[in-house]
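For reference, the structure is listed below as structure tokens.
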Amino acid sequence: MTSINSDPRAETITVGKGDDARDIALLVRPADPARAPSAPALVWLGGYRSDMSGTKAIEMDALAAEKGLAAIRFDYSGHGASGGAFRAGTISRWLEEAIAVLDHVAPESVVLVGSSMGGWIALRLVQALAHRGSGPRVAGMVLIAPAPDFTIDLIEPNLSDAERASLAERGYFEEPSDYSPEPNIFTRALIEDGRLNRVLTGIIETGCPVHILQGMADPDVPYAHALKLVEFLPADDVVITLVRDGDHRLSRPEDIARMKAAILSMAENASDL
């Protein structure tokens with residue numbers, strides 16, 4: 001039986017072949033079959049330059065431990081404990097890694113919890129699973145300050161002449177980060193690949209309920225972007241919670257409480273929990 005205080009299992013898988021191979025670090029918490037036999041696994045999909053040791057990811061795992069749920073966390077290549085070069089990262093590359101993680105752990109059903117860029121990965125993941133017709137059933141999605149199409153909608157329109165020149169000449173540009181002493185790096189490959197992974201172009205059929213948590217004081221992803229996303233989810237049961245004074249991180253105790261409540265509601269509705 002899984003104890004509330006037990007640690008998740010650390011694993012590593014290799015994604016890609018040859019020069020493209022990279023080691024992806026996972027933390028897997030098995031479900032307690034005596035407490036949540038039919039509940040979906042919680043899957044953390046982090047944001048740009050975030051990792052699985054961040055506050056919200058740890059709190060999701062703590063919720064899983066408390067309720068006997070399975071939980072899966074991992075770091076994209078170039079992030080946290082995973083290998084690979086950050087500058088080689090693209091939405092397609094990180095999506096490939098997310099699919100590989102699910103194939104490796106092989107849960108029957110999942111609740112995808114996507115933060116910022118992880119919201120984009122979550123939406124592409126549900127599309128990719130539906131397209132290939134195999135993999136876990138997506139029982140629900142909790143999207144925290146989701147940033148689908150952020151390279152197209154939030155970065156490209158606001159590029160300065162200097163940044164455009166840097167992209168053309170060096171293949172990347174840098175900007176100061178509010179969350180790290182190291183600057184954010186956006187590559188030409190990331191931006192070009194982003195155009196190939198657009199989701200805000202037509203109806204997004206997730207086939208599951210979606211709960212969006214969005215701060216109205218978010219300086220990075222304006223809340224209008226979350227409202228725009230809702231317009232592309234007409235077929236799904238969508239709830240959006242706007243937090244008037246919430247920032248991009250949504251990591252305050254009251255924000256964490258909202259996140260946990262949304263996740264638990266998804267898990268309960270999809271099982272006999």
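Within each chain, counting starts at residue 1; across the structure tokens, chains are named A, B, ... in the order shown, with ligands numbered 1 upward in that order.
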Per residue of segment 4-120 of chain A within 9 Å of segment 170-185 of chain A, record the nearest atom pair and its distance in Å to one decimal, counting only C-alpha atoms, with rows in chain order and ascending residue number, as a Markdown table.
```
| residue | atom | partner | partner_atom | distance |
| --- | --- | --- | --- | --- |
| A:Arg49 | CA | A:Asn184 | CA | 8.1 |
| A:Phe86 | CA | A:Ile185 | CA | 8.9 |
| A:Arg87 | CA | A:Ile185 | CA | 7.5 |
```
DSSP helix (DSSP H, G or I) residues within segment 171-272 of chain A, as an MDAnalysis selection string: chainID A and resid 188:196 223:231 253:269
If we count only C-alpha atoms and set the cut-off at 6 Å, which residues sit around Gly80 of chain A, ignoring sequence neighbours fewer than 2 positions away in its own chain? Please answer as an mmCIF file with N, CA and C atoms, in the first residue's frame.
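Listed below is the output, out.cif:
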```
data_model
loop_
_atom_site.group_PDB
_atom_site.id
_atom_site.type_symbol
_atom_site.label_atom_id
_atom_site.label_comp_id
_atom_site.auth_asym_id
_atom_site.auth_seq_id
_atom_site.Cartn_x
_atom_site.Cartn_y
_atom_site.Cartn_z
ATOM 1 N N ASP A 51 10.409 23.245 -14.210
ATOM 2 C CA ASP A 51 10.710 21.824 -14.072
ATOM 3 C C ASP A 51 9.788 21.179 -13.056
ATOM 4 N N ASP A 75 10.639 16.088 -16.675
ATOM 5 C CA ASP A 75 11.251 17.310 -17.200
ATOM 6 C C ASP A 75 11.442 17.171 -18.697
ATOM 7 N N SER A 82 16.564 16.461 -16.798
ATOM 8 C CA SER A 82 16.653 15.774 -18.088
ATOM 9 C C SER A 82 17.849 16.241 -18.893
#
```
List the spatial neighbours of Asp19 of chain A as a ChimeraX atom specification - criterion: any atom at most 12 Å away, only C-alpha atoms, same-chain residues fewer than 4 positions off excluded. /A:14-15,23,84-85,88
Closest-contact table, segment 178-248 of chain A side, partner segment 253-260 of chain A, 12 Å, counting only C-alpha atoms, as a tab-separated table:
```
residue	atom	partner	partner_atom	distance
A:His211	CA	A:Met259	CA	9.4
A:Ile212	CA	A:Met259	CA	9.4
A:Leu213	CA	A:Met259	CA	7.5
A:Gln214	CA	A:Asp255	CA	9.8
A:Gly215	CA	A:Asp255	CA	9.4
A:Ile240	CA	A:Arg258	CA	11.5
A:Thr241	CA	A:Arg258	CA	8.9
A:Leu242	CA	A:Arg258	CA	10.8
A:Val243	CA	A:Asp255	CA	8.4
A:Arg244	CA	A:Asp255	CA	11.4
A:Asp245	CA	A:Asp255	CA	10.4
A:Gly246	CA	A:Asp255	CA	7.9
A:Asp247	CA	A:Asp255	CA	9.8
A:His248	CA	A:Asp255	CA	10.7
```
